[in-house]
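So the structure is just underneath, and the comments pick up after that.
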Amino acid sequence: MPQYTLDGVPLDHPAGCWRLKKGTQRRPLPGARAVRVTVPGRAGELPIVGLDHELTSFSLVFTVTGATPAGGYGGFAQLETNLEALTALLGVRHRLMSLRYEAGSIVRVADVTVIAASEPELRVGAARARLTAVVEVPGVYWRDETTTTWAGNANADNQAITTVAGSTAPITDALIRVTGPASNITIRDVATQGAVGLLTSGSNSITASERLLIDAAAMRAAVVTTDTWDLAAGTDKTGVISVFGPGSASRWLHLTPAVAVGDPFSRAVLISCSSSGVTAASKLEVRARRAYL
């Protein structure tokens, strides 16, 4: 049976202090952020692809009881105590909370905030109440719990990033590392053709003792001389990074899954890296978590 956990607390309490109503336990799908362009004299609208998703919001409906945390019955006084505990859990405002969704072996996590909660509907005699909370996922996508690292070729096209296979949403916060020697480096997402790389003029190469780090979420780059993923440990190279392709005006590389023809269960994230002057020691690495709609 699917279940949610908020900041480590089960939203179906093991002692029955509160539980989610059936039917509110499935993650909703995000919608696209609509953009409509009409042209006089042309039927319909101009087709627009590459639309971003709207943030995700959904309701969680709780039944709160008079059960004690030890599994006993505490009546209406315990119902009030349980309501206070649940509203305290849902009432965090100074930070995002971690919401975990689990259905068998499937585990997804998202950073969320509770934007509204209803006035509890009380049944005094039965020591029960109904409470609805509206949850919002500002970052839209659900993620794997753990981050994985994939290693590939620093000069090869259409490489499958096997560690993020099965994603259904673009991965917007990947860390990418190229180990030298390499020059004229360009890294491309095959599905969207968005790309990042070192500018062809100026210092556009790294030596065998250097690694180029690219943080797609922060839109920053650095060259480090140790085996690290920490951009702060190196020399900033953000100013000599070139970003091009769809969406490049507002973002860096988004790793986007593509569905194989006729097989929606085959979802691969492909990446290409072109470099010159590479050796057997040169390599491309990607550190990321899978993303889901």
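By convention here, the chains of the structure tokens are called A, B, ... in the order presented, each chain's residues are numbered starting at 1, and ligands are numbered starting at 1 in the order presented.
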DSSP helix (DSSP H, G or I) residues within range 3-240 of chain A, as number ranges by chain: A: 75-90, 162-164, 231-233, 238-240
Would you mind listing what lies within 10 Å of Arg267 in chain A as a list in words, with only C-alpha atoms counted and same-chain residues fewer than 5 positions away left out? Val164, Ala165, Gly166, Ser167, Thr168, Thr256, Pro257, Ala258, Val259, Ala260 and Val261 of chain A
Serialized selection, all heavy atoms, as an mmCIF file, in the first residue's frame:
```
data_model
loop_
_atom_site.group_PDB
_atom_site.id
_atom_site.type_symbol
_atom_site.label_atom_id
_atom_site.label_comp_id
_atom_site.auth_asym_id
_atom_site.auth_seq_id
_atom_site.Cartn_x
_atom_site.Cartn_y
_atom_site.Cartn_z
ATOM 1 N N VAL A 164 20.776 6.881 -14.483
ATOM 2 C CA VAL A 164 19.538 7.659 -14.414
ATOM 3 C C VAL A 164 18.504 7.146 -15.414
ATOM 4 O O VAL A 164 17.516 7.814 -15.681
ATOM 5 C CB VAL A 164 19.794 9.172 -14.624
ATOM 6 C CG1 VAL A 164 20.624 9.728 -13.489
ATOM 7 C CG2 VAL A 164 20.466 9.429 -15.967
ATOM 8 N N ALA A 165 18.727 5.960 -15.971
ATOM 9 C CA ALA A 165 17.743 5.358 -16.870
ATOM 10 C C ALA A 165 16.436 5.134 -16.127
ATOM 11 O O ALA A 165 16.426 4.782 -14.944
ATOM 12 C CB ALA A 165 18.271 4.034 -17.409
ATOM 13 N N GLY A 166 15.323 5.343 -16.803
ATOM 14 C CA GLY A 166 14.018 5.194 -16.176
ATOM 15 C C GLY A 166 13.407 6.494 -15.704
ATOM 16 O O GLY A 166 12.259 6.521 -15.270
ATOM 17 N N SER A 167 14.158 7.583 -15.775
ATOM 18 C CA SER A 167 13.605 8.892 -15.418
ATOM 19 C C SER A 167 12.443 9.239 -16.341
ATOM 20 O O SER A 167 12.402 8.819 -17.504
ATOM 21 C CB SER A 167 14.682 9.975 -15.521
ATOM 22 O OG SER A 167 15.718 9.772 -14.588
ATOM 23 N N THR A 168 11.498 10.012 -15.822
ATOM 24 C CA THR A 168 10.397 10.501 -16.655
ATOM 25 C C THR A 168 10.397 12.017 -16.777
ATOM 26 O O THR A 168 9.582 12.577 -17.509
ATOM 27 C CB THR A 168 9.037 10.055 -16.081
ATOM 28 O OG1 THR A 168 8.882 10.586 -14.752
ATOM 29 C CG2 THR A 168 8.929 8.539 -16.032
ATOM 30 N N THR A 256 17.641 15.047 -20.347
ATOM 31 C CA THR A 256 16.241 14.754 -20.613
ATOM 32 C C THR A 256 16.063 13.327 -21.108
ATOM 33 O O THR A 256 16.725 12.918 -22.075
ATOM 34 C CB THR A 256 15.694 15.734 -21.667
ATOM 35 O OG1 THR A 256 15.940 17.071 -21.214
ATOM 36 C CG2 THR A 256 14.202 15.539 -21.874
ATOM 37 N N PRO A 257 15.177 12.550 -20.469
ATOM 38 C CA PRO A 257 14.961 11.173 -20.920
ATOM 39 C C PRO A 257 14.177 11.137 -22.226
ATOM 40 O O PRO A 257 13.331 11.988 -22.488
ATOM 41 C CB PRO A 257 14.154 10.545 -19.778
ATOM 42 C CG PRO A 257 13.447 11.706 -19.140
ATOM 43 C CD PRO A 257 14.371 12.877 -19.274
ATOM 44 N N ALA A 258 14.477 10.136 -23.040
ATOM 45 C CA ALA A 258 13.773 9.918 -24.302
ATOM 46 C C ALA A 258 13.202 8.507 -24.305
ATOM 47 O O ALA A 258 13.874 7.557 -23.886
ATOM 48 C CB ALA A 258 14.711 10.111 -25.482
ATOM 49 N N VAL A 259 11.957 8.377 -24.770
ATOM 50 C CA VAL A 259 11.289 7.085 -24.817
ATOM 51 C C VAL A 259 11.662 6.382 -26.116
ATOM 52 O O VAL A 259 11.610 6.975 -27.200
ATOM 53 C CB VAL A 259 9.761 7.260 -24.726
ATOM 54 C CG1 VAL A 259 9.042 5.920 -24.849
ATOM 55 C CG2 VAL A 259 9.393 7.936 -23.399
ATOM 56 N N ALA A 260 12.051 5.119 -25.994
ATOM 57 C CA ALA A 260 12.378 4.346 -27.191
ATOM 58 C C ALA A 260 11.113 4.150 -28.029
ATOM 59 O O ALA A 260 9.993 4.079 -27.496
ATOM 60 C CB ALA A 260 12.955 2.989 -26.800
ATOM 61 N N VAL A 261 11.277 4.052 -29.335
ATOM 62 C CA VAL A 261 10.141 3.919 -30.242
ATOM 63 C C VAL A 261 9.346 2.659 -29.902
ATOM 64 O O VAL A 261 9.879 1.549 -29.887
ATOM 65 C CB VAL A 261 10.626 3.864 -31.709
ATOM 66 C CG1 VAL A 261 9.447 3.620 -32.649
ATOM 67 C CG2 VAL A 261 11.339 5.157 -32.076
#
```
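Once Ile161 in chain A and its same-chain neighbours fewer than 6 positions away are set aside, Thr149, Trp150, Ala151, Gly152, Leu255, Pro257, Ala268, Val269, Leu270, Ile271, Glu285, Val286, Arg287 and Ala288 of chain A remain within 10 Å of it when counting only C-alpha atoms.
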Generate a file of the selected residues that holds N, CA and C atoms, formatted as a PDB file, in the first residue's frame.
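The result, written out as result.pdb:
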```pdb
ATOM      1  N   THR A 149      26.801   8.138  -9.510  1.00  0.00           N
ATOM      2  CA  THR A 149      27.843   8.678 -10.379  1.00  0.00           C
ATOM      3  C   THR A 149      28.074   7.714 -11.545  1.00  0.00           C
ATOM      4  N   TRP A 150      28.037   8.265 -12.742  1.00  0.00           N
ATOM      5  CA  TRP A 150      28.248   7.478 -13.963  1.00  0.00           C
ATOM      6  C   TRP A 150      29.536   7.958 -14.629  1.00  0.00           C
ATOM      7  N   ALA A 151      30.278   7.022 -15.216  1.00  0.00           N
ATOM      8  CA  ALA A 151      31.515   7.359 -15.913  1.00  0.00           C
ATOM      9  C   ALA A 151      31.409   6.941 -17.372  1.00  0.00           C
ATOM     10  N   GLY A 152      31.840   7.823 -18.266  1.00  0.00           N
ATOM     11  CA  GLY A 152      31.784   7.541 -19.691  1.00  0.00           C
ATOM     12  C   GLY A 152      33.010   8.073 -20.410  1.00  0.00           C
ATOM     13  N   LEU A 255      19.401  17.248 -18.489  1.00  0.00           N
ATOM     14  CA  LEU A 255      19.483  15.882 -19.014  1.00  0.00           C
ATOM     15  C   LEU A 255      18.069  15.318 -19.121  1.00  0.00           C
ATOM     16  N   PRO A 257      15.177  12.550 -20.469  1.00  0.00           N
ATOM     17  CA  PRO A 257      14.961  11.173 -20.920  1.00  0.00           C
ATOM     18  C   PRO A 257      14.177  11.137 -22.226  1.00  0.00           C
ATOM     19  N   ALA A 268      15.749   6.294 -21.736  1.00  0.00           N
ATOM     20  CA  ALA A 268      17.189   6.479 -21.613  1.00  0.00           C
ATOM     21  C   ALA A 268      17.538   7.958 -21.650  1.00  0.00           C
ATOM     22  N   VAL A 269      18.570   8.328 -20.905  1.00  0.00           N
ATOM     23  CA  VAL A 269      19.146   9.667 -20.954  1.00  0.00           C
ATOM     24  C   VAL A 269      20.472   9.547 -21.686  1.00  0.00           C
ATOM     25  N   LEU A 270      20.567  10.204 -22.840  1.00  0.00           N
ATOM     26  CA  LEU A 270      21.760  10.112 -23.669  1.00  0.00           C
ATOM     27  C   LEU A 270      22.544  11.416 -23.619  1.00  0.00           C
ATOM     28  N   ILE A 271      23.867  11.299 -23.589  1.00  0.00           N
ATOM     29  CA  ILE A 271      24.732  12.465 -23.541  1.00  0.00           C
ATOM     30  C   ILE A 271      25.871  12.268 -24.531  1.00  0.00           C
ATOM     31  N   GLU A 285      32.175  12.248 -16.482  1.00  0.00           N
ATOM     32  CA  GLU A 285      31.395  11.693 -15.372  1.00  0.00           C
ATOM     33  C   GLU A 285      30.185  12.579 -15.113  1.00  0.00           C
ATOM     34  N   VAL A 286      29.092  11.933 -14.673  1.00  0.00           N
ATOM     35  CA  VAL A 286      27.865  12.653 -14.337  1.00  0.00           C
ATOM     36  C   VAL A 286      27.385  12.176 -12.974  1.00  0.00           C
ATOM     37  N   ARG A 287      27.169  13.106 -12.073  1.00  0.00           N
ATOM     38  CA  ARG A 287      26.621  12.797 -10.737  1.00  0.00           C
ATOM     39  C   ARG A 287      25.216  13.384 -10.667  1.00  0.00           C
ATOM     40  N   ALA A 288      24.203  12.540 -10.463  1.00  0.00           N
ATOM     41  CA  ALA A 288      22.818  13.027 -10.529  1.00  0.00           C
ATOM     42  C   ALA A 288      21.871  12.046  -9.851  1.00  0.00           C
TER      43      ALA A 288
END
```
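In terms of minimum interatomic distance to Ala232 in chain A, A:Ile214 ranks closest within A:Val135, A:Leu284, A:Ile214, A:Ile106, counting only C-alpha atoms.
Excluding Gly125 in chain A and any residue on its chain fewer than 3 positions from it, the residues at most 12 Å away by only C-alpha atoms are A:Thr65, A:Gly66, A:Gly75, A:Phe76, A:Ala77, A:Leu79, A:Leu122, A:Arg128, A:Ala129.
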Between A:Ala34, A:Ile187, A:Val49, A:Ala127, which one has atoms that come closest to Gly247 in chain A, using only C-alpha atoms? A:Val49
I'd like the contact shell of Val224 in chain A - 9 Å cut-off, only C-alpha atoms, skipping same-chain residues fewer than 4 positions apart - returned as a ChimeraX atom specification. /A:209-213,228-236
What's the 10 Å shell around Gly91 in chain A, counting only C-alpha atoms, without same-chain residues fewer than 6 positions away, as a PDB file with all heavy atoms, in the first residue's frame?
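Below is the file that was written, selection-v4.pdb:
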```pdb
ATOM      1  N   ALA A  85      -0.245  17.806  17.327  1.00  0.00           N
ATOM      2  CA  ALA A  85       0.976  17.197  16.815  1.00  0.00           C
ATOM      3  C   ALA A  85       0.995  17.213  15.286  1.00  0.00           C
ATOM      4  O   ALA A  85       2.019  17.510  14.661  1.00  0.00           O
ATOM      5  CB  ALA A  85       1.100  15.764  17.333  1.00  0.00           C
ATOM      6  N   THR A 113       6.298  22.243   0.623  1.00  0.00           N
ATOM      7  CA  THR A 113       5.777  23.130   1.659  1.00  0.00           C
ATOM      8  C   THR A 113       4.264  22.953   1.722  1.00  0.00           C
ATOM      9  O   THR A 113       3.632  22.652   0.700  1.00  0.00           O
ATOM     10  CB  THR A 113       6.137  24.605   1.381  1.00  0.00           C
ATOM     11  OG1 THR A 113       5.678  25.420   2.459  1.00  0.00           O
ATOM     12  CG2 THR A 113       5.517  25.090   0.073  1.00  0.00           C
ATOM     13  N   VAL A 114       3.704  23.083   2.898  1.00  0.00           N
ATOM     14  CA  VAL A 114       2.253  23.002   3.072  1.00  0.00           C
ATOM     15  C   VAL A 114       1.718  24.425   3.028  1.00  0.00           C
ATOM     16  O   VAL A 114       2.038  25.253   3.887  1.00  0.00           O
ATOM     17  CB  VAL A 114       1.883  22.321   4.401  1.00  0.00           C
ATOM     18  CG1 VAL A 114       0.369  22.317   4.597  1.00  0.00           C
ATOM     19  CG2 VAL A 114       2.422  20.891   4.431  1.00  0.00           C
ATOM     20  N   ILE A 115       0.940  24.726   1.994  1.00  0.00           N
ATOM     21  CA  ILE A 115       0.517  26.104   1.775  1.00  0.00           C
ATOM     22  C   ILE A 115      -0.828  26.427   2.413  1.00  0.00           C
ATOM     23  O   ILE A 115      -1.189  27.594   2.542  1.00  0.00           O
ATOM     24  CB  ILE A 115       0.468  26.438   0.270  1.00  0.00           C
ATOM     25  CG1 ILE A 115      -0.520  25.523  -0.461  1.00  0.00           C
ATOM     26  CG2 ILE A 115       1.843  26.339  -0.347  1.00  0.00           C
ATOM     27  CD1 ILE A 115      -0.751  25.918  -1.901  1.00  0.00           C
ATOM     28  N   ALA A 116      -1.597  25.398   2.809  1.00  0.00           N
ATOM     29  CA  ALA A 116      -2.906  25.656   3.421  1.00  0.00           C
ATOM     30  C   ALA A 116      -3.360  24.415   4.164  1.00  0.00           C
ATOM     31  O   ALA A 116      -2.969  23.294   3.829  1.00  0.00           O
ATOM     32  CB  ALA A 116      -3.939  26.039   2.360  1.00  0.00           C
ATOM     33  N   ALA A 117      -4.170  24.626   5.175  1.00  0.00           N
ATOM     34  CA  ALA A 117      -4.796  23.529   5.917  1.00  0.00           C
ATOM     35  C   ALA A 117      -6.203  23.967   6.311  1.00  0.00           C
ATOM     36  O   ALA A 117      -6.427  25.125   6.675  1.00  0.00           O
ATOM     37  CB  ALA A 117      -3.982  23.155   7.151  1.00  0.00           C
ATOM     38  N   ALA A 133      -4.858  19.105   4.094  1.00  0.00           N
ATOM     39  CA  ALA A 133      -3.686  19.956   3.906  1.00  0.00           C
ATOM     40  C   ALA A 133      -3.340  19.994   2.423  1.00  0.00           C
ATOM     41  O   ALA A 133      -3.401  18.973   1.734  1.00  0.00           O
ATOM     42  CB  ALA A 133      -2.500  19.421   4.701  1.00  0.00           C
TER      43      ALA A 133
END
```
Skip Asp189 in chain A itself and residues of its chain fewer than 2 positions away, then list as a ChimeraX atom specification all residues within 12 Å of it, counting only C-alpha atoms. /A:157-161,170-172,174,176,186-187,191-197,216,243-248,252-258,268-274
Selection file, C-alpha atoms, as a PDB file, in the first residue's frame:
```
ATOM      1  CA  ASP A 157      28.373  10.520 -28.947  1.00  0.00           C
ATOM      2  CA  ASN A 158      25.043   9.122 -27.732  1.00  0.00           C
ATOM      3  CA  GLN A 159      26.269   7.614 -24.476  1.00  0.00           C
ATOM      4  CA  ALA A 160      23.534   6.233 -22.220  1.00  0.00           C
ATOM      5  CA  ILE A 161      23.782   7.458 -18.620  1.00  0.00           C
ATOM      6  CA  PRO A 170      14.425  16.257 -17.011  1.00  0.00           C
ATOM      7  CA  ILE A 171      17.295  16.259 -14.541  1.00  0.00           C
ATOM      8  CA  THR A 172      18.025  19.930 -14.001  1.00  0.00           C
ATOM      9  CA  ALA A 174      23.373  17.366 -12.602  1.00  0.00           C
ATOM     10  CA  ILE A 176      29.286  17.043 -14.734  1.00  0.00           C
ATOM     11  CA  THR A 186      31.407  20.363 -25.649  1.00  0.00           C
ATOM     12  CA  ILE A 187      28.806  18.368 -23.700  1.00  0.00           C
ATOM     13  CA  ALA A 191      17.176  14.613 -26.532  1.00  0.00           C
ATOM     14  CA  THR A 192      17.013  18.434 -26.489  1.00  0.00           C
ATOM     15  CA  GLN A 193      20.325  19.296 -28.194  1.00  0.00           C
ATOM     16  CA  GLY A 194      21.101  21.763 -25.413  1.00  0.00           C
ATOM     17  CA  ALA A 195      24.844  21.989 -24.796  1.00  0.00           C
ATOM     18  CA  VAL A 196      27.588  23.529 -22.662  1.00  0.00           C
ATOM     19  CA  GLY A 197      31.285  23.822 -23.363  1.00  0.00           C
ATOM     20  CA  ALA A 216      23.942  22.743 -14.134  1.00  0.00           C
ATOM     21  CA  VAL A 243      25.813  27.584 -23.463  1.00  0.00           C
ATOM     22  CA  PHE A 244      23.782  27.009 -26.602  1.00  0.00           C
ATOM     23  CA  GLY A 245      20.768  25.179 -27.975  1.00  0.00           C
ATOM     24  CA  PRO A 246      17.087  25.230 -26.866  1.00  0.00           C
ATOM     25  CA  GLY A 247      16.539  26.938 -23.504  1.00  0.00           C
ATOM     26  CA  SER A 248      20.138  28.134 -23.240  1.00  0.00           C
ATOM     27  CA  TRP A 252      22.384  25.142 -18.491  1.00  0.00           C
ATOM     28  CA  LEU A 253      22.305  21.479 -19.453  1.00  0.00           C
ATOM     29  CA  HIS A 254      19.078  19.638 -18.622  1.00  0.00           C
ATOM     30  CA  LEU A 255      19.483  15.882 -19.014  1.00  0.00           C
ATOM     31  CA  THR A 256      16.241  14.754 -20.613  1.00  0.00           C
ATOM     32  CA  PRO A 257      14.961  11.173 -20.920  1.00  0.00           C
ATOM     33  CA  ALA A 258      13.773   9.918 -24.302  1.00  0.00           C
ATOM     34  CA  ALA A 268      17.189   6.479 -21.613  1.00  0.00           C
ATOM     35  CA  VAL A 269      19.146   9.667 -20.954  1.00  0.00           C
ATOM     36  CA  LEU A 270      21.760  10.112 -23.669  1.00  0.00           C
ATOM     37  CA  ILE A 271      24.732  12.465 -23.541  1.00  0.00           C
ATOM     38  CA  SER A 272      27.433  13.331 -26.072  1.00  0.00           C
ATOM     39  CA  CYS A 273      30.870  14.737 -25.297  1.00  0.00           C
ATOM     40  CA  SER A 274      33.267  15.962 -27.955  1.00  0.00           C
TER      41      SER A 274
END
```
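In this model, the gap between CA of Tyr73 in chain A and CA of Arg123 in chain A comes to 15.5 Å.
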When DSSP works through the backbone of this structure, what residues of range 166-235 of chain A end up as strand (DSSP E), shown as JSON, numbers by chain? {"A": [175, 176, 177, 178, 179, 182, 183, 184, 185, 186, 187, 188, 189, 195, 196, 197, 198, 205, 206, 211, 212, 213, 214, 215, 220, 221, 222, 223, 224, 235]}
Enter the distance from CA of Lys283 in chain A to CA of Ala182 in chain A, in Å, rounded to one decimal. 9.0 Å
Restricting the calculation to only C-alpha atoms: of A:Ala88, A:Ile185, A:Leu11, A:Ile48, which residue gets closest to Ala156 in chain A? A:Ile185
